[in-house]
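File shown: entry_11.cif (mmCIF, C-alpha atoms and all ligand atoms).
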```cif
data_input
loop_
_atom_site.label_atom_id
_atom_site.label_comp_id
_atom_site.auth_asym_id
_atom_site.auth_seq_id
_atom_site.Cartn_x
_atom_site.Cartn_y
_atom_site.Cartn_z
CA MET G 6 17.59 45.16 -118.49
CA SER G 7 20.90 45.25 -116.64
CA ALA G 8 23.74 42.79 -116.47
CA GLU G 9 23.59 40.05 -113.90
CA GLY G 10 26.31 40.67 -111.36
CA ALA G 11 26.00 44.46 -111.60
CA PRO G 12 24.20 45.71 -108.49
CA ALA G 13 21.25 48.05 -109.07
CA GLY G 14 22.25 51.70 -109.16
CA THR G 15 25.60 51.08 -110.82
CA THR G 16 26.63 53.13 -113.85
CA VAL G 17 26.50 52.03 -117.45
CA ALA G 18 30.31 51.66 -117.38
CA ASP G 19 30.04 49.39 -114.33
CA ARG G 20 27.45 47.29 -116.12
CA ALA G 21 29.72 46.88 -119.14
CA THR G 22 32.60 45.79 -116.90
CA ALA G 23 30.42 43.41 -114.89
CA GLY G 24 29.08 41.92 -118.12
CA PHE G 25 32.60 41.49 -119.46
CA ARG G 26 33.85 39.77 -116.29
CA GLN G 27 30.85 37.51 -116.06
CA ARG G 28 30.86 36.52 -119.70
CA TYR G 29 34.59 36.15 -120.27
CA GLY G 30 35.96 35.51 -116.75
CA ALA G 31 38.65 38.17 -117.23
CA GLU G 32 39.27 41.91 -116.94
CA PRO G 33 38.68 44.17 -119.96
CA ALA G 34 41.72 45.93 -121.42
CA GLY G 35 39.74 49.16 -121.55
CA ARG G 36 36.32 50.80 -121.79
CA TRP G 37 35.06 53.17 -124.46
CA ALA G 38 31.93 55.32 -124.26
CA ALA G 39 29.87 56.95 -127.01
CA PRO G 40 26.77 59.12 -126.53
CA GLY G 41 23.38 59.22 -128.18
CA ARG G 42 22.41 62.46 -129.92
CA VAL G 43 19.54 64.79 -130.59
CA ASN G 44 19.43 67.03 -133.60
CA LEU G 45 18.68 70.63 -132.70
CA ILE G 46 17.71 71.41 -136.31
CA GLY G 47 18.42 70.23 -139.87
CA GLU G 48 16.33 67.12 -140.54
CA HIS G 49 16.73 64.96 -143.65
CA THR G 50 19.28 67.45 -144.91
CA ASP G 51 22.39 65.31 -144.32
CA TYR G 52 21.91 62.94 -147.27
CA ASN G 53 21.13 65.98 -149.42
CA ASP G 54 24.67 67.29 -148.81
CA GLY G 55 23.17 69.97 -146.56
CA PHE G 56 23.59 71.37 -143.05
CA VAL G 57 22.78 69.90 -139.64
CA LEU G 58 23.15 71.07 -136.04
CA PRO G 59 23.00 68.10 -133.66
CA PHE G 60 24.47 67.70 -130.19
CA ALA G 61 25.66 64.71 -128.17
CA LEU G 62 23.65 63.57 -125.16
CA PRO G 63 24.77 62.71 -121.66
CA LEU G 64 23.29 59.20 -122.19
CA ARG G 65 26.00 56.81 -123.30
CA THR G 66 26.78 53.34 -124.59
CA VAL G 67 29.86 51.74 -123.05
CA VAL G 68 31.93 48.95 -124.57
CA ALA G 69 34.34 47.00 -122.37
CA ALA G 70 36.79 45.12 -124.56
CA ALA G 71 40.00 43.11 -124.76
CA PRO G 72 41.92 41.52 -127.63
CA ALA G 73 41.03 37.93 -128.59
CA PRO G 74 44.08 35.92 -129.63
CA ASP G 75 42.04 33.66 -131.95
CA GLY G 76 41.33 36.67 -134.21
CA ARG G 77 37.53 36.31 -133.90
CA TRP G 78 34.97 38.70 -132.43
CA THR G 79 32.60 37.87 -129.61
CA VAL G 80 30.13 40.47 -128.44
CA TRP G 81 27.73 40.35 -125.56
CA SER G 82 25.09 42.98 -124.87
CA GLU G 83 22.92 43.45 -121.83
CA LEU G 84 19.98 43.56 -124.28
CA ASP G 85 20.45 39.89 -125.09
CA ASP G 86 21.52 36.93 -122.95
CA GLU G 87 23.35 35.16 -125.74
CA PRO G 88 26.65 36.56 -127.03
CA VAL G 89 27.21 36.66 -130.78
CA GLU G 90 30.46 35.32 -132.22
CA PHE G 91 31.75 35.82 -135.74
CA GLY G 92 34.94 35.60 -137.76
CA ALA G 93 36.39 37.22 -140.85
CA ALA G 94 34.01 35.37 -143.20
CA GLU G 95 30.84 36.65 -141.50
CA ALA G 96 32.31 40.14 -141.10
CA GLY G 97 33.31 40.06 -144.77
CA GLU G 98 29.81 39.71 -146.14
CA PRO G 99 26.99 42.14 -145.32
CA GLY G 100 23.96 40.35 -143.92
CA ARG G 101 25.82 37.37 -142.40
CA VAL G 102 25.43 38.86 -138.90
CA ASP G 103 22.04 40.42 -138.17
CA GLY G 104 20.13 42.03 -135.30
CA TRP G 105 21.96 44.38 -132.94
CA ALA G 106 25.29 42.58 -133.50
CA ALA G 107 25.21 43.67 -137.17
CA TYR G 108 26.30 47.15 -135.99
CA VAL G 109 29.41 45.56 -134.47
CA ALA G 110 30.14 43.28 -137.43
CA GLY G 111 29.51 46.27 -139.70
CA VAL G 112 32.27 48.25 -138.01
CA VAL G 113 34.69 45.34 -138.41
CA TRP G 114 33.61 45.12 -142.06
CA ALA G 115 34.08 48.87 -142.66
CA LEU G 116 37.53 48.91 -141.04
CA ARG G 117 38.67 45.92 -143.05
CA ALA G 118 37.24 47.38 -146.26
CA ASP G 119 39.31 50.49 -145.50
CA GLY G 120 42.44 48.33 -145.39
CA HIS G 121 42.95 47.92 -141.65
CA ASP G 122 44.14 44.82 -139.89
CA VAL G 123 41.35 44.64 -137.30
CA PRO G 124 42.25 42.81 -134.10
CA GLY G 125 39.99 40.01 -132.87
CA ALA G 126 38.24 41.10 -129.70
CA ARG G 127 35.85 40.22 -126.92
CA LEU G 128 33.36 42.95 -126.23
CA ALA G 129 30.63 43.62 -123.68
CA VAL G 130 28.09 46.36 -124.34
CA ALA G 131 25.86 48.22 -121.89
CA SER G 132 23.80 51.27 -122.80
CA ASP G 133 21.73 54.06 -121.34
CA VAL G 134 20.72 55.21 -124.82
CA PRO G 135 17.20 53.86 -125.34
CA VAL G 136 16.85 51.67 -128.41
CA GLY G 137 14.21 52.68 -130.97
CA SER G 138 13.66 56.19 -129.59
CA GLY G 139 15.45 58.00 -132.38
CA LEU G 140 18.38 59.02 -130.16
CA SER G 141 20.94 57.14 -132.28
CA SER G 142 21.63 54.10 -130.18
CA SER G 143 22.99 52.57 -133.40
CA ALA G 144 25.56 55.33 -133.99
CA ALA G 145 26.52 55.06 -130.30
CA ILE G 146 27.33 51.34 -130.46
CA GLU G 147 29.09 51.73 -133.82
CA SER G 148 31.25 54.55 -132.53
CA ALA G 149 32.16 52.95 -129.20
CA VAL G 150 33.11 49.70 -130.96
CA LEU G 151 35.08 51.62 -133.59
CA ALA G 152 37.04 53.48 -130.91
CA ALA G 153 37.73 50.23 -129.06
CA LEU G 154 39.00 48.40 -132.15
CA VAL G 155 41.14 51.35 -133.29
CA ASP G 156 42.81 51.49 -129.85
CA LEU G 157 43.17 47.74 -129.34
CA GLY G 158 44.70 47.31 -132.78
CA GLY G 159 46.78 50.51 -132.68
CA LEU G 160 45.18 51.36 -136.05
CA ASP G 161 46.32 54.44 -137.90
CA LEU G 162 42.95 56.12 -138.35
CA PRO G 163 42.49 59.79 -137.44
CA ALA G 164 39.19 60.51 -135.65
CA GLY G 165 38.15 62.85 -138.48
CA ARG G 166 37.62 59.75 -140.65
CA TRP G 167 35.59 57.80 -138.09
CA PRO G 168 32.13 59.20 -138.92
CA ARG G 169 32.33 58.14 -142.57
CA LEU G 170 33.50 54.65 -141.60
CA ALA G 171 30.76 54.21 -139.01
CA GLN G 172 28.23 55.44 -141.57
CA ARG G 173 29.51 52.84 -144.06
CA ALA G 174 28.97 50.13 -141.45
CA GLU G 175 25.35 51.21 -141.20
CA ASN G 176 24.76 51.81 -144.94
CA ASP G 177 26.62 48.90 -146.44
CA TYR G 178 26.62 46.19 -143.78
CA VAL G 179 23.42 46.81 -141.81
CA GLY G 180 21.67 48.12 -144.93
CA ALA G 181 20.15 51.34 -143.56
CA PRO G 182 20.56 54.22 -146.08
CA THR G 183 21.25 56.91 -143.46
CA GLY G 184 23.32 60.07 -143.81
CA ILE G 185 26.38 61.11 -141.81
CA MET G 186 24.76 63.25 -139.12
CA ASP G 187 24.36 60.76 -136.30
CA GLN G 188 27.86 59.32 -136.41
CA SER G 189 29.32 62.85 -136.66
CA ALA G 190 27.40 64.05 -133.60
CA VAL G 191 28.31 61.00 -131.58
CA ILE G 192 31.99 61.11 -132.52
CA ARG G 193 32.68 64.84 -132.77
CA GLY G 194 30.21 66.32 -130.25
CA ARG G 195 31.61 68.65 -127.60
CA ALA G 196 30.12 69.50 -124.19
CA GLY G 197 28.34 72.85 -124.18
CA HIS G 198 28.26 73.02 -127.97
CA ALA G 199 26.12 72.06 -130.92
CA LEU G 200 27.93 70.65 -133.93
CA PHE G 201 27.43 72.66 -137.11
CA LEU G 202 28.25 70.22 -139.89
CA ASP G 203 28.40 70.79 -143.61
CA CYS G 204 27.56 67.29 -144.80
CA ARG G 205 29.10 67.89 -148.23
CA THR G 206 32.54 69.00 -147.11
CA GLU G 207 32.40 67.42 -143.62
CA GLU G 208 33.68 70.71 -142.25
CA ILE G 209 32.56 71.29 -138.68
CA GLU G 210 32.22 74.23 -136.37
CA GLN G 211 31.55 73.86 -132.67
CA ILE G 212 28.80 76.38 -131.90
CA PRO G 213 28.52 77.43 -128.25
CA PHE G 214 25.08 76.33 -127.03
CA ASP G 215 24.99 77.73 -123.54
CA LEU G 216 21.60 76.70 -122.25
CA ASP G 217 22.57 77.08 -118.60
CA GLY G 218 23.86 80.60 -119.09
CA ALA G 219 20.58 81.60 -120.76
CA GLY G 220 18.47 79.97 -118.02
CA LEU G 221 17.15 77.53 -120.61
CA ALA G 222 16.87 73.77 -121.00
CA VAL G 223 16.20 71.35 -123.81
CA LEU G 224 13.41 69.01 -122.84
CA VAL G 225 13.54 65.73 -124.75
CA ILE G 226 10.18 64.00 -125.00
CA ASP G 227 10.18 60.34 -126.03
CA SER G 228 6.93 60.06 -127.97
CA ARG G 229 6.77 56.29 -127.31
CA ALA G 230 4.99 56.10 -130.66
CA PRO G 231 5.57 52.79 -132.37
CA HIS G 232 7.85 53.33 -135.38
CA ARG G 233 5.40 52.93 -138.24
CA HIS G 234 7.17 51.82 -141.45
CA ALA G 235 10.07 54.10 -140.51
CA ASP G 236 12.71 52.28 -142.56
CA GLY G 237 10.69 52.12 -145.78
CA GLU G 238 9.47 55.71 -145.48
CA TYR G 239 12.99 56.99 -144.76
CA ALA G 240 14.32 55.27 -147.87
CA ALA G 241 11.38 56.61 -149.90
CA ARG G 242 12.08 60.19 -148.78
CA ARG G 243 15.72 59.81 -149.69
CA LYS G 244 14.89 58.45 -153.14
CA SER G 245 12.42 61.24 -153.75
CA CYS G 246 15.11 63.84 -152.93
CA GLU G 247 17.61 62.15 -155.20
CA ARG G 248 15.10 62.00 -158.05
CA ALA G 249 14.30 65.69 -157.55
CA ALA G 250 18.00 66.62 -157.67
CA ALA G 251 18.35 64.67 -160.94
CA THR G 252 15.30 66.41 -162.45
CA LEU G 253 16.69 69.79 -161.42
CA GLY G 254 20.12 68.94 -162.81
CA VAL G 255 21.97 69.49 -159.52
CA THR G 256 24.32 67.18 -157.60
CA ALA G 257 22.14 67.33 -154.49
CA LEU G 258 19.31 69.46 -153.11
CA ARG G 259 21.95 71.40 -151.21
CA ASP G 260 22.56 73.15 -154.51
CA VAL G 261 19.11 74.75 -154.49
CA ASP G 262 18.82 77.75 -152.20
CA VAL G 263 15.83 79.71 -150.96
CA ALA G 264 16.29 82.34 -153.69
CA GLY G 265 16.07 79.67 -156.39
CA LEU G 266 13.31 77.69 -154.73
CA ASP G 267 10.26 78.94 -156.63
CA ALA G 268 11.87 78.36 -160.01
CA ALA G 269 12.87 74.84 -158.93
CA LEU G 270 9.42 74.00 -157.56
CA ASN G 271 7.77 74.91 -160.87
CA ARG G 272 9.55 71.99 -162.48
CA LEU G 273 8.29 69.32 -160.06
CA ASP G 274 5.13 67.38 -159.32
CA ASP G 275 3.05 68.22 -156.25
CA GLU G 276 4.49 65.72 -153.80
CA THR G 277 8.11 66.25 -154.85
CA ARG G 278 7.57 69.99 -154.54
CA ARG G 279 6.72 69.58 -150.87
CA ARG G 280 9.73 67.33 -150.23
CA VAL G 281 12.10 69.78 -151.91
CA ARG G 282 10.59 72.78 -150.13
CA HIS G 283 11.27 71.07 -146.79
CA VAL G 284 14.91 70.36 -147.56
CA VAL G 285 15.71 73.78 -149.02
CA THR G 286 13.98 75.77 -146.27
CA GLU G 287 15.39 73.46 -143.58
CA ASN G 288 18.95 74.14 -144.76
CA GLN G 289 18.23 77.86 -144.44
CA ARG G 290 16.77 77.35 -140.95
CA VAL G 291 19.99 75.65 -139.87
CA LEU G 292 22.04 78.61 -141.13
CA ASP G 293 19.67 81.05 -139.39
CA THR G 294 19.84 79.07 -136.14
CA VAL G 295 23.64 79.05 -136.25
CA ALA G 296 23.65 82.83 -136.80
CA LEU G 297 21.41 83.36 -133.76
CA LEU G 298 23.51 81.07 -131.57
CA ARG G 299 26.70 82.81 -132.66
CA ALA G 300 25.06 86.06 -131.53
CA GLY G 301 24.18 84.47 -128.17
CA ARG G 302 20.44 84.68 -128.92
CA VAL G 303 19.54 81.16 -127.83
CA ARG G 304 15.91 81.90 -126.93
CA ASP G 305 15.24 83.45 -130.35
CA THR G 306 15.93 80.13 -132.08
CA GLY G 307 12.55 78.86 -130.82
CA PRO G 308 10.45 79.96 -133.83
CA LEU G 309 12.92 78.30 -136.21
CA LEU G 310 12.53 75.01 -134.34
CA THR G 311 8.76 75.25 -134.57
CA ALA G 312 8.89 76.18 -138.27
CA SER G 313 11.09 73.13 -138.83
CA HIS G 314 8.43 70.98 -137.23
CA ALA G 315 5.67 72.43 -139.40
CA SER G 316 7.79 71.72 -142.46
CA MET G 317 8.36 68.10 -141.41
CA ARG G 318 4.65 67.70 -140.69
CA ASP G 319 3.18 69.38 -143.77
CA ASP G 320 5.84 69.12 -146.46
CA PHE G 321 8.06 66.15 -145.65
CA GLU G 322 5.16 64.29 -144.01
CA ILE G 323 7.21 62.35 -141.47
CA THR G 324 5.43 63.11 -138.19
CA VAL G 325 2.78 61.05 -136.40
CA PRO G 326 -0.09 62.10 -134.10
CA GLU G 327 1.83 61.47 -130.85
CA ILE G 328 4.70 63.64 -132.09
CA ASP G 329 2.42 66.49 -133.22
CA THR G 330 0.55 66.32 -129.91
CA ALA G 331 3.81 66.61 -127.96
CA VAL G 332 4.91 69.64 -129.99
CA GLU G 333 1.55 71.42 -129.69
CA ALA G 334 1.27 70.75 -125.95
CA ALA G 335 4.84 71.91 -125.30
CA LEU G 336 4.23 75.16 -127.21
CA ALA G 337 0.90 75.75 -125.48
CA ALA G 338 2.67 75.29 -122.13
CA GLY G 339 5.19 78.03 -122.95
CA ALA G 340 8.06 76.35 -124.83
CA TYR G 341 9.95 78.85 -127.05
CA GLY G 342 10.05 76.28 -129.82
CA ALA G 343 9.53 72.56 -130.31
CA ARG G 344 10.14 70.03 -133.04
CA MET G 345 10.50 66.38 -133.79
CA THR G 346 14.14 65.32 -133.88
CA GLY G 347 15.54 62.44 -135.93
CA GLY G 348 14.32 60.43 -138.90
CA GLY G 349 10.61 60.57 -138.06
CA PHE G 350 7.55 58.32 -137.80
CA GLY G 351 8.03 58.20 -134.03
CA GLY G 352 11.06 58.95 -131.90
CA CYS G 353 11.59 62.09 -129.84
CA VAL G 354 10.52 65.72 -129.72
CA LEU G 355 12.73 68.44 -128.31
CA ALA G 356 11.41 71.62 -126.73
CA LEU G 357 13.37 74.74 -125.82
CA VAL G 358 12.07 75.87 -122.44
CA ASP G 359 12.95 78.04 -119.46
CA ALA G 360 14.89 75.72 -117.16
CA GLU G 361 12.45 76.40 -114.36
CA ALA G 362 9.47 75.58 -116.61
CA ALA G 363 10.75 72.19 -117.81
CA ASP G 364 8.65 70.20 -115.33
CA THR G 365 5.50 72.17 -116.15
CA VAL G 366 5.97 71.65 -119.88
CA ALA G 367 6.65 67.93 -119.36
CA ALA G 368 3.48 67.64 -117.25
CA ALA G 369 1.44 69.45 -119.93
CA VAL G 370 2.64 67.02 -122.61
CA THR G 371 1.86 64.04 -120.36
CA GLU G 372 -1.63 65.40 -119.77
CA ALA G 373 -2.27 65.98 -123.49
CA TYR G 374 -1.18 62.38 -124.13
CA ALA G 375 -3.56 61.06 -121.48
CA GLU G 376 -6.45 63.02 -123.01
CA ARG G 377 -5.83 61.32 -126.34
CA GLY G 378 -5.30 57.87 -124.86
CA PHE G 379 -1.62 57.62 -125.91
CA THR G 380 0.97 55.65 -123.92
CA ALA G 381 2.60 58.12 -121.48
CA PRO G 382 5.69 59.85 -122.95
CA GLY G 383 9.17 59.78 -121.42
CA THR G 384 10.72 63.16 -120.56
CA LEU G 385 14.26 64.21 -119.80
CA THR G 386 16.14 67.53 -119.75
CA VAL G 387 19.56 67.43 -121.34
CA LEU G 388 22.67 69.54 -121.87
CA PRO G 389 25.08 69.05 -124.79
CA ALA G 390 27.72 66.48 -123.82
CA GLY G 391 31.03 65.26 -125.26
CA GLY G 392 31.57 62.70 -128.04
CA VAL G 393 33.12 59.25 -128.06
CA THR G 394 35.95 58.75 -125.59
CA ARG G 395 38.11 56.14 -123.94
CA LEU G 396 37.22 55.87 -120.26
CA ASP G 397 40.22 53.88 -119.04
C1 LIG Q 1 18.29 59.44 -139.13
C2 LIG Q 1 19.51 59.23 -140.00
F1 LIG Q 1 20.32 58.27 -139.46
C3 LIG Q 1 20.30 60.51 -140.21
O1 LIG Q 1 21.35 60.29 -141.12
C4 LIG Q 1 19.40 61.66 -140.68
O2 LIG Q 1 19.08 61.52 -142.03
C5 LIG Q 1 18.14 61.74 -139.81
O3 LIG Q 1 17.50 60.48 -139.68
C6 LIG Q 1 17.15 62.72 -140.36
O4 LIG Q 1 17.68 64.01 -140.28
O5 LIG Q 1 18.68 59.78 -137.83
#
```
Entire entry expressed as structure tokens:
Amino acid sequence: MSAEGAPAGTTVADRATAGFRQRYGAEPAGRWAAPGRVNLIGEHTDYNDGFVLPFALPLRTVVAAAPAPDGRWTVWSELDDEPVEFGAAEAGEPGRVDGWAAYVAGVVWALRADGHDVPGARLAVASDVPVGSGLSSSAAIESAVLAALVDLGGLDLPAGRWPRLAQRAENDYVGAPTGIMDQSAVIRGRAGHALFLDCRTEEIEQIPFDLDGAGLAVLVIDSRAPHRHADGEYAARRKSCERAAATLGVTALRDVDVAGLDAALNRLDDETRRRVRHVVTENQRVLDTVALLRAGRVRDTGPLLTASHASMRDDFEITVPEIDTAVEAALAAGAYGARMTGGGFGGCVLALVDAEAADTVAAAVTEAYAERGFTAPGTLTVLPAGGVTRLD
């Protein structure tokens, strides 16, 4: 849906501005944009203090905003006709604002909990990041709102601290027990690079990910699979990992490496064994992928991506038939590697392909879907883009 008053064909930033003008009858003081993300590799490793390698997408969420002298927050989104308004009381208590606006109230909550004097504001949100596709539309809105409020209030908050605050908004206000990957990718992503993040230390390294130079592309396939019990299953996986770490006497599964895996597995029940094996081997796959990218061997990362998928399918058990079909069809059509990206139970698949073969691979996946009677997938080729930024 796009904002009334924004002619068809206008950009997401235009839509945010048009929405702001129409809703508030004034000009915004500025516009802030934050991207969605895909994760190249390293799934369900972030909340285990492990390694991830996501990158920011060219699809963005834009927030047009201006200070509100009454000290309250009003937010309008093109996803919803009615704006949501709240004050310090609602922002002070998790759960008082729900639905999509909870991500906005959560950011206000997290900033205030961190001791900042958050300015009241009017905000208008437009987004090209599809909601519910596993491309982190939630981290995008959190990060764009965070950037807007930091700038409007002149808050003293270095960008290095933003991911943790945005994560707190999601964990403690919205109530989703996610890790720090998505917010980090969306805030710290850099064009042409994948973000190698150590989720324990929050150290980052920008890893050149030169798809163009290698004649390659990342094809993102939106599985269009309905998210089946995603929230409950995500929380269950997280709990299972935390229980395993406690049984093994380590702070987090990050502290088990491939060399110590067999000894660790011997101490666990069948199901937990599979969960732990995924996390430990996935951390190693991230390190191996980083090593290959550092050596400029982009194409050679393909088998690691595919191995990551097998591990998510067989050991972590978070894939669904549409997702597995997309991966198999992409590989059969010549992709160098393919895997589900994101939390699982739906969402997107990414495939590493020759740039000139992207359309053929997309068509093969669409055909495999049709044969199985699935709703047609969405497909898009992407290059790594930059993180959150002020537009003007
Ligand atoms: C979701 C979460 F938000 C991330 O923190 C991460 O755990 C991911 O699932 C799985 O890798 O995107």
Env. residues ligand LIG 1 (chain Q) / 9 Å / all atoms listed in the file / as a ChimeraX atom specification: /G:43-44,46-53,57,139-141,143-144,172,175,181-188,239,243,346-349
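The list of residues within 6 Å of (10.3, 73.8, -130.1), counted using only C-alpha atoms, is Gly307, Leu310, Thr311, Tyr341, Gly342, Ala343, Arg344, Ala356 and Leu357 of chain G.
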Nearby residues, (33.5, 39.4, -131.0) file frame, 9 Å, only C-alpha atoms, as a PyMOL selection string: chain G and resi 73+76-81+88-92+109-110+125-129
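The residue that comes closest to G:Ala219, out of G:Arg36, G:His314, G:Arg304, G:Arg65 and on the basis of only C-alpha atoms, is G:Arg304.
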Residues near G:Pro33, cut-off 12 Å, all atoms listed in the file, skip fewer than 2 positions along chain, as a ChimeraX atom specification: /G:18-19,21-31,35-37,68-73,126-130,153,157,396-397
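Neighbours of G:Ser132 closer than or equal to 9 Å, with only C-alpha atoms counted and sequence neighbours fewer than 6 positions away skipped, come out as Val17, Ala18, Arg20, Ala21, Leu64, Arg65, Thr66, Val67, Val68, Ser82, Glu83, Leu84, Ser142, Ala145 and Ile146 of chain G.
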G:Ala174 environment, 6 Å, only C-alpha atoms, sequence neighbours closer than 6 positions dropped, as a list of chain:residue names: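 The neighbour list is G:Gly111, G:Val112, G:Ala115.
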Nearest to G:Thr277 by atom-to-atom distance, counting all atoms listed in the file, from G:Ala241, G:Asp161, G:Leu309, G:Arg302: G:Ala241
What's around stretch 379-384 of chain G at 7 Å? Count only C-alpha atoms, leave out sequence neighbours fewer than 3 positions away in its own chain, and write the answer as a PDB file with C-alpha atoms, in the frame of the given file.
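Writing the result to selection.pdb gives the following:
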```
ATOM      1  CA  LEU G 224      13.410  69.010-122.840  1.00  0.00           C
ATOM      2  CA  VAL G 225      13.540  65.730-124.750  1.00  0.00           C
ATOM      3  CA  ILE G 226      10.180  64.000-125.000  1.00  0.00           C
ATOM      4  CA  ASP G 227      10.180  60.340-126.030  1.00  0.00           C
ATOM      5  CA  SER G 228       6.930  60.060-127.970  1.00  0.00           C
ATOM      6  CA  ARG G 229       6.770  56.290-127.310  1.00  0.00           C
ATOM      7  CA  ALA G 367       6.650  67.930-119.360  1.00  0.00           C
ATOM      8  CA  THR G 371       1.860  64.040-120.360  1.00  0.00           C
ATOM      9  CA  TYR G 374      -1.180  62.380-124.130  1.00  0.00           C
ATOM     10  CA  ALA G 375      -3.560  61.060-121.480  1.00  0.00           C
TER      11      ALA G 375
END
```
Pick from G:Asp203, G:Thr15, G:Pro59, G:Arg166, whichever lies nearest to G:Ala131 using all atoms listed in the file: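 Answer, going by the shortest atom-to-atom distance: G:Thr15.
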Atom CA of G:Pro326 to atom CA of G:Val354, distance in Å rounded to a single decimal: 12.0 Å
